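**Student:** So that you have it, the file is protein.cif, and it contains mmCIF, C-alpha atoms, pLDDT in the B column; chains and numbers go by the auth columns:
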data_data
#
loop_
_atom_site.group_PDB
_atom_site.id
_atom_site.type_symbol
_atom_site.label_atom_id
_atom_site.label_comp_id
_atom_site.label_asym_id
_atom_site.label_seq_id
_atom_site.Cartn_x
_atom_site.Cartn_y
_atom_site.Cartn_z
_atom_site.B_iso_or_equiv
_atom_site.auth_seq_id
_atom_site.auth_asym_id
ATOM 1 C CA MET A 1 17.154 14.712 2.333 63.00 1 E
ATOM 2 C CA LYS A 2 16.356 11.155 3.281 87.00 2 E
ATOM 3 C CA ARG A 3 13.583 10.307 5.694 92.00 3 E
ATOM 4 C CA SER A 4 12.045 6.929 6.376 94.00 4 E
ATOM 5 C CA PHE A 5 8.588 6.145 7.761 95.00 5 E
ATOM 6 C CA GLU A 6 8.178 2.596 9.022 94.00 6 E
ATOM 7 C CA TYR A 7 4.878 0.753 8.650 93.00 7 E
ATOM 8 C CA ASN A 8 3.370 -0.429 11.939 90.00 8 E
ATOM 9 C CA ILE A 9 0.978 -3.368 11.906 90.00 9 E
ATOM 10 C CA ASP A 10 -1.964 -2.840 14.236 90.00 10 E
ATOM 11 C CA ARG A 11 -3.750 -5.454 16.317 92.00 11 E
ATOM 12 C CA SER A 12 -6.729 -5.921 13.972 92.00 12 E
ATOM 13 C CA THR A 13 -4.407 -6.664 11.043 92.00 13 E
ATOM 14 C CA ILE A 14 -2.561 -9.277 13.104 93.00 14 E
ATOM 15 C CA ILE A 15 -5.888 -10.849 14.129 94.00 15 E
ATOM 16 C CA ARG A 16 -7.046 -10.950 10.477 92.00 16 E
ATOM 17 C CA THR A 17 -3.752 -12.530 9.422 91.00 17 E
ATOM 18 C CA VAL A 18 -3.985 -15.236 12.086 93.00 18 E
ATOM 19 C CA LEU A 19 -7.646 -15.921 11.248 94.00 19 E
ATOM 20 C CA GLN A 20 -6.886 -16.260 7.544 90.00 20 E
ATOM 21 C CA CYS A 21 -4.053 -18.702 8.254 89.00 21 E
ATOM 22 C CA ILE A 22 -6.292 -20.747 10.574 94.00 22 E
ATOM 23 C CA ILE A 23 -9.118 -20.860 8.009 92.00 23 E
ATOM 24 C CA PHE A 24 -6.773 -21.935 5.208 87.00 24 E
ATOM 25 C CA ALA A 25 -5.189 -24.597 7.417 88.00 25 E
ATOM 26 C CA ALA A 26 -8.618 -25.890 8.522 91.00 26 E
ATOM 27 C CA ILE A 27 -9.810 -26.175 4.920 87.00 27 E
ATOM 28 C CA ALA A 28 -6.586 -27.961 3.915 82.00 28 E
ATOM 29 C CA VAL A 29 -6.915 -30.452 6.815 84.00 29 E
ATOM 30 C CA ALA A 30 -10.622 -31.023 6.080 85.00 30 E
ATOM 31 C CA LEU A 31 -9.887 -31.678 2.408 82.00 31 E
ATOM 32 C CA PHE A 32 -7.078 -34.040 3.361 80.00 32 E
ATOM 33 C CA PHE A 33 -9.404 -36.144 5.523 82.00 33 E
ATOM 34 C CA LEU A 34 -12.397 -35.940 3.160 81.00 34 E
ATOM 35 C CA TYR A 35 -10.482 -36.793 -0.013 78.00 35 E
ATOM 36 C CA ARG A 36 -7.855 -39.276 1.116 73.00 36 E
ATOM 37 C CA GLY A 37 -5.421 -39.886 -1.675 65.00 37 E
ATOM 38 C CA GLY A 38 -7.175 -37.335 -3.901 70.00 38 E
ATOM 39 C CA TYR A 39 -5.624 -34.536 -5.812 78.00 39 E
ATOM 40 C CA LEU A 40 -8.055 -31.919 -4.484 76.00 40 E
ATOM 41 C CA SER A 41 -6.422 -31.531 -1.068 76.00 41 E
ATOM 42 C CA ALA A 42 -2.912 -31.364 -2.537 78.00 42 E
ATOM 43 C CA TRP A 43 -4.038 -28.907 -5.218 84.00 43 E
ATOM 44 C CA PHE A 44 -5.757 -26.620 -2.694 82.00 44 E
ATOM 45 C CA SER A 45 -2.794 -26.688 -0.313 82.00 45 E
ATOM 46 C CA SER A 46 -0.336 -25.938 -3.118 87.00 46 E
ATOM 47 C CA VAL A 47 -2.385 -23.039 -4.487 89.00 47 E
ATOM 48 C CA ILE A 48 -2.928 -21.490 -1.054 86.00 48 E
ATOM 49 C CA MET A 49 0.761 -21.808 -0.147 87.00 49 E
ATOM 50 C CA ALA A 50 1.767 -20.199 -3.455 90.00 50 E
ATOM 51 C CA LEU A 51 -0.714 -17.339 -2.967 86.00 51 E
ATOM 52 C CA MET A 52 0.452 -16.727 0.579 85.00 52 E
ATOM 53 C CA ALA A 53 4.081 -16.674 -0.575 87.00 53 E
ATOM 54 C CA LEU A 54 3.268 -14.182 -3.354 85.00 54 E
ATOM 55 C CA MET A 55 1.285 -12.010 -0.964 85.00 55 E
ATOM 56 C CA ALA A 56 4.111 -12.078 1.579 85.00 56 E
ATOM 57 C CA LEU A 57 6.483 -10.616 -1.020 86.00 57 E
ATOM 58 C CA SER A 58 4.222 -7.555 -1.424 86.00 58 E
ATOM 59 C CA ILE A 59 3.852 -6.666 2.253 90.00 59 E
ATOM 60 C CA PRO A 60 4.662 -2.951 2.670 92.00 60 E
ATOM 61 C CA ARG A 61 7.631 -2.244 4.971 94.00 61 E
ATOM 62 C CA ARG A 62 8.473 1.470 4.826 95.00 62 E
ATOM 63 C CA ILE A 63 8.013 4.767 3.011 96.00 63 E
ATOM 64 C CA VAL A 64 11.291 6.470 2.117 96.00 64 E
ATOM 65 C CA LEU A 65 11.409 10.081 0.969 95.00 65 E
ATOM 66 C CA LEU A 66 14.538 10.869 -1.029 91.00 66 E
ATOM 67 C CA ASP A 67 15.519 14.118 -2.757 85.00 67 E
ATOM 68 C CA ARG A 68 13.650 13.419 -5.977 89.00 68 E
ATOM 69 C CA THR A 69 11.554 10.304 -5.322 94.00 69 E
ATOM 70 C CA LEU A 70 9.115 8.853 -2.858 95.00 70 E
ATOM 71 C CA GLU A 71 9.691 5.128 -2.456 96.00 71 E
ATOM 72 C CA ILE A 72 7.148 2.719 -1.043 96.00 72 E
ATOM 73 C CA GLN A 73 9.252 -0.296 -0.150 95.00 73 E
ATOM 74 C CA CYS A 74 7.683 -3.715 0.146 93.00 74 E
ATOM 75 C CA ILE A 75 9.522 -6.937 0.952 90.00 75 E
ATOM 76 C CA LEU A 76 10.393 -7.563 -2.699 89.00 76 E
ATOM 77 C CA ASP A 77 8.872 -4.630 -4.592 88.00 77 E
ATOM 78 C CA ILE A 78 9.683 -0.922 -4.616 93.00 78 E
ATOM 79 C CA THR A 79 7.183 1.586 -5.977 93.00 79 E
ATOM 80 C CA GLU A 80 8.808 4.880 -6.908 95.00 80 E
ATOM 81 C CA ILE A 81 6.905 8.130 -7.368 95.00 81 E
ATOM 82 C CA ASN A 82 8.849 11.065 -8.755 94.00 82 E
ATOM 83 C CA ILE A 83 8.409 14.169 -6.580 94.00 83 E
ATOM 84 C CA ARG A 84 7.804 16.283 -9.699 93.00 84 E
ATOM 85 C CA GLU A 85 4.886 14.038 -10.673 94.00 85 E
ATOM 86 C CA ILE A 86 3.021 14.435 -7.373 95.00 86 E
ATOM 87 C CA ALA A 87 0.052 16.746 -7.889 94.00 87 E
ATOM 88 C CA SER A 88 -1.381 16.628 -4.368 95.00 88 E
ATOM 89 C CA VAL A 89 -0.917 14.958 -1.013 96.00 89 E
ATOM 90 C CA ARG A 90 -3.625 14.978 1.623 96.00 90 E
ATOM 91 C CA ARG A 91 -4.750 13.183 4.722 96.00 91 E
ATOM 92 C CA VAL A 92 -7.839 11.015 4.259 95.00 92 E
ATOM 93 C CA ASP A 93 -10.426 10.276 6.893 91.00 93 E
ATOM 94 C CA ARG A 94 -11.167 6.653 7.739 88.00 94 E
ATOM 95 C CA ARG A 95 -14.863 7.176 6.870 90.00 95 E
ATOM 96 C CA ARG A 96 -13.903 8.053 3.293 91.00 96 E
ATOM 97 C CA MET A 97 -12.066 4.742 3.000 93.00 97 E
ATOM 98 C CA ARG A 98 -15.243 2.721 3.488 92.00 98 E
ATOM 99 C CA TRP A 99 -15.951 3.271 -0.231 93.00 99 E
ATOM 100 C CA ILE A 100 -12.683 1.559 -1.195 94.00 100 E
ATOM 101 C CA VAL A 101 -13.069 -2.186 -1.867 94.00 101 E
ATOM 102 C CA PRO A 102 -10.376 -4.722 -2.818 93.00 102 E
ATOM 103 C CA LEU A 103 -9.888 -5.904 -6.390 92.00 103 E
ATOM 104 C CA LEU A 104 -6.581 -7.739 -6.308 88.00 104 E
ATOM 105 C CA GLY A 105 -4.118 -7.931 -3.464 85.00 105 E
ATOM 106 C CA GLY A 106 -3.802 -8.453 0.253 85.00 106 E
ATOM 107 C CA ILE A 107 -6.843 -7.927 2.424 87.00 107 E
ATOM 108 C CA GLY A 108 -5.639 -8.006 5.993 85.00 108 E
ATOM 109 C CA PHE A 109 -2.809 -10.497 5.400 88.00 109 E
ATOM 110 C CA PHE A 110 -0.055 -8.451 7.109 90.00 110 E
ATOM 111 C CA GLY A 111 -1.685 -5.322 5.681 91.00 111 E
ATOM 112 C CA TYR A 112 -3.797 -4.016 2.840 93.00 112 E
ATOM 113 C CA TYR A 113 -2.019 -3.719 -0.483 93.00 113 E
ATOM 114 C CA GLY A 114 -2.633 -4.072 -4.191 92.00 114 E
ATOM 115 C CA LYS A 115 -5.333 -2.707 -6.481 94.00 115 E
ATOM 116 C CA TYR A 116 -8.525 -1.463 -4.878 96.00 116 E
ATOM 117 C CA PHE A 117 -11.674 0.051 -6.379 96.00 117 E
ATOM 118 C CA ASP A 118 -13.129 3.393 -5.272 95.00 118 E
ATOM 119 C CA LEU A 119 -16.930 3.119 -5.442 95.00 119 E
ATOM 120 C CA LYS A 120 -17.430 6.891 -5.161 93.00 120 E
ATOM 121 C CA GLU A 121 -15.051 7.846 -7.970 91.00 121 E
ATOM 122 C CA PHE A 122 -15.414 4.607 -10.025 93.00 122 E
ATOM 123 C CA ASP A 123 -11.666 4.387 -10.311 94.00 123 E
ATOM 124 C CA THR A 124 -8.929 1.955 -9.341 96.00 124 E
ATOM 125 C CA VAL A 125 -6.404 3.027 -6.720 96.00 125 E
ATOM 126 C CA ASN A 126 -3.158 1.579 -5.375 95.00 126 E
ATOM 127 C CA MET A 127 -3.088 0.695 -1.693 95.00 127 E
ATOM 128 C CA TYR A 128 -0.034 0.235 0.535 95.00 128 E
ATOM 129 C CA ALA A 129 -1.259 0.108 4.130 94.00 129 E
ATOM 130 C CA SER A 130 -0.388 -1.866 7.215 92.00 130 E
ATOM 131 C CA GLU A 131 -3.451 -0.711 9.114 92.00 131 E
ATOM 132 C CA TRP A 132 -6.879 0.603 8.145 90.00 132 E
ATOM 133 C CA ASN A 133 -6.150 4.009 9.655 90.00 133 E
ATOM 134 C CA ASN A 134 -3.941 7.117 9.196 92.00 134 E
ATOM 135 C CA PHE A 135 -4.336 7.279 5.406 95.00 135 E
ATOM 136 C CA VAL A 136 -2.507 9.659 3.104 96.00 136 E
ATOM 137 C CA GLU A 137 -3.667 10.048 -0.498 96.00 137 E
ATOM 138 C CA ILE A 138 -0.967 10.768 -3.059 97.00 138 E
ATOM 139 C CA THR A 139 -2.323 11.903 -6.430 96.00 139 E
ATOM 140 C CA ASP A 140 0.068 12.215 -9.333 94.00 140 E
ATOM 141 C CA ILE A 141 -0.182 14.358 -12.457 94.00 141 E
ATOM 142 C CA TYR A 142 -1.759 11.442 -14.327 94.00 142 E
ATOM 143 C CA ASP A 143 -4.679 11.331 -11.799 92.00 143 E
ATOM 144 C CA SER A 144 -3.461 8.024 -10.407 95.00 144 E
ATOM 145 C CA ARG A 145 -4.111 7.769 -6.680 96.00 145 E
ATOM 146 C CA THR A 146 -2.029 5.879 -4.161 97.00 146 E
ATOM 147 C CA TYR A 147 -3.074 5.413 -0.546 97.00 147 E
ATOM 148 C CA VAL A 148 -0.505 4.743 2.164 96.00 148 E
ATOM 149 C CA SER A 149 -0.948 4.410 5.900 95.00 149 E
ATOM 150 C CA CYS A 150 1.464 6.361 8.030 93.00 150 E
ATOM 151 C CA ARG A 151 1.210 7.075 11.743 93.00 151 E
ATOM 152 C CA GLU A 152 3.233 10.237 11.132 94.00 152 E
ATOM 153 C CA ALA A 153 0.937 11.393 8.319 94.00 153 E
ATOM 154 C CA ASP A 154 1.317 15.119 8.972 94.00 154 E
ATOM 155 C CA ALA A 155 5.117 14.875 8.941 94.00 155 E
ATOM 156 C CA LEU A 156 5.003 12.886 5.692 95.00 156 E
ATOM 157 C CA ILE A 157 2.749 15.465 4.028 95.00 157 E
ATOM 158 C CA THR A 158 4.963 18.338 5.220 94.00 158 E
ATOM 159 C CA LEU A 159 8.167 16.676 4.041 94.00 159 E
ATOM 160 C CA ILE A 160 6.706 15.854 0.615 94.00 160 E
ATOM 161 C CA ALA A 161 5.641 19.506 0.216 92.00 161 E
ATOM 162 C CA LYS A 162 9.129 20.654 1.280 92.00 162 E
ATOM 163 C CA ALA A 163 10.835 18.198 -1.109 91.00 163 E
ATOM 164 C CA LYS A 164 8.561 19.366 -3.918 89.00 164 E
ATOM 165 C CA SER A 165 9.388 23.044 -3.300 89.00 165 E
ATOM 166 C CA ASP A 166 13.122 22.253 -2.999 87.00 166 E
ATOM 167 C CA ASP A 167 12.959 20.383 -6.313 83.00 167 E
ATOM 168 C CA GLU A 168 11.230 23.351 -7.986 82.00 168 E
ATOM 169 C CA ILE A 169 13.921 25.693 -6.676 82.00 169 E
ATOM 170 C CA ARG A 170 16.658 23.368 -8.008 81.00 170 E
ATOM 171 C CA SER A 171 14.900 23.139 -11.376 79.00 171 E
ATOM 172 C CA ALA A 172 14.623 26.932 -11.602 77.00 172 E
ATOM 173 C CA ALA A 173 18.302 27.329 -10.679 77.00 173 E
ATOM 174 C CA ASN A 174 19.310 24.748 -13.303 76.00 174 E
ATOM 175 C CA ALA A 175 17.206 26.526 -15.925 72.00 175 E
ATOM 176 C CA GLU A 176 18.919 29.856 -15.132 74.00 176 E
ATOM 177 C CA ASP A 177 22.339 28.197 -15.372 73.00 177 E
ATOM 178 C CA GLU A 178 21.488 26.752 -18.778 73.00 178 E
ATOM 179 C CA GLU A 179 20.365 30.170 -20.066 71.00 179 E
ATOM 180 C CA GLU A 180 23.681 31.752 -19.120 64.00 180 E
#
In structure tokens, write the structure found in this file.
**Tutor:**
Amino acid sequence: MKRSFEYNIDRSTIIRTVLQCIIFAAIAVALFFLYRGGYLSAWFSSVIMALMALMALSIPRRIVLLDRTLEIQCILDITEINIREIASVRRVDRRRMRWIVPLLGGIGFFGYYGKYFDLKEFDTVNMYASEWNNFVEITDIYDSRTYVSCREADALITLIAKAKSDDEIRSAANAEDEEE
């Protein structure tokens, strides 16, 4: 079974991305004119360009459900979660997400991704979202939580449950074959 769920960037994320680029460009231009010939404007521009390039590599693109793994594919990174290690999958209301604040990662620059902090649980969580809506919480057996945004959240939850039950059936069949 292979099923792919594409990330869709919403309008507010695009607006935040454009605003961040405009602010960074305005600061770089202001520093260039204020410190003519200085290293400060070149340093700031170089650091911001490097950060934007690193952030662009981590933009989430799709969620792919395979037979035994759930892959969260970014532009350069792939996060794999073994189906056997998923303890629970549930839909999360947008109001619950107001207690999640960013620690390290993208905050509206083509999505929301990286490490975030949950103020209610006092725990760090992984975030892979292209919009601040339609959240699915994936908790593994190690109590690590990952939040993804998916417009087809109910289908994703159903397919993960089906893949998990299919994997358990295969494991039981393999165990019976080994006993014989």
**Student:** Show me as a list in words the residues that reach within 8 Å of (-6.2, 0.9, 10.0), counting all atoms listed in the file and using the file's own coordinates.
**Tutor:**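 Using all atoms listed in the file, the matching residues come out as Asp10, Ser12, Thr13, Arg94, Ala129, Ser130, Glu131, Trp132, Asn133, Asn134 and Ser149 of chain E.
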**Student:** Report as a list in words all protein, DNA and RNA residues lying within 12 Å of stretch 46-51 of chain E, evaluated on all atoms listed in the file, omitting residues in the same chain fewer than 3 positions from it.
**Tutor:**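 After dropping sequence-adjacent residues, the list is Gln20, Cys21, Ile23, Phe24, Ala25, Ala26, Ile27, Ala28, Tyr39, Leu40, Ser41, Ala42, Trp43, Leu54, Met55, Ala56, Leu57, Ser58, Leu104, Gly105, Gly106 and Phe109 of chain E.
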**Student:** Under the PyMOL selection byres ((chain E and resi 88) around 9), which residues of this model are included? Write them out as a list of chain:residue names.
**Tutor:** E:Ile86, E:Ala87, E:Val89, E:Arg90, E:Glu137, E:Ile138, E:Thr139, E:Asp140, E:Ile141, E:Ala161
**Student:** Would you place a box with edges along x, y and z of the file around all atoms of stretch 140-157 of chain E listed there, add 4 Å to each of its six sides, and report the centre and edge lengths in Å to one decimal, as lines of an AutoDock Vina configuration file?
**Tutor:**
center_x = 0.2
center_y = 9.9
center_z = -1.3
size_x = 17.8
size_y = 19.1
size_z = 34.1
**Student:** Using all atoms listed in the file, which of E:Leu119, E:Val29, E:Val136, E:Met52 sits nearest E:Thr158?
**Tutor:** E:Val136
**Student:** Specify as JSON, numbers by chain each residue included when the PyMOL selection byres ((chain E and resi 2-4) around 12) is applied to this file.
**Tutor:** {"E": [1, 5, 6, 7, 61, 62, 63, 64, 65, 66, 67, 68, 69, 70, 71, 72, 73, 150, 152, 155, 156, 158, 159, 160, 163]}
**Student:** With distances taken over all atoms listed in the file, which residue among E:Asn8, E:Thr17, E:Asn82, E:Ser45 lies nearest E:Asp167?
**Tutor:**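 Of E:Asn8, E:Thr17, E:Asn82, E:Ser45, the one nearest E:Asp167 is E:Asn82, counting all atoms listed in the file.
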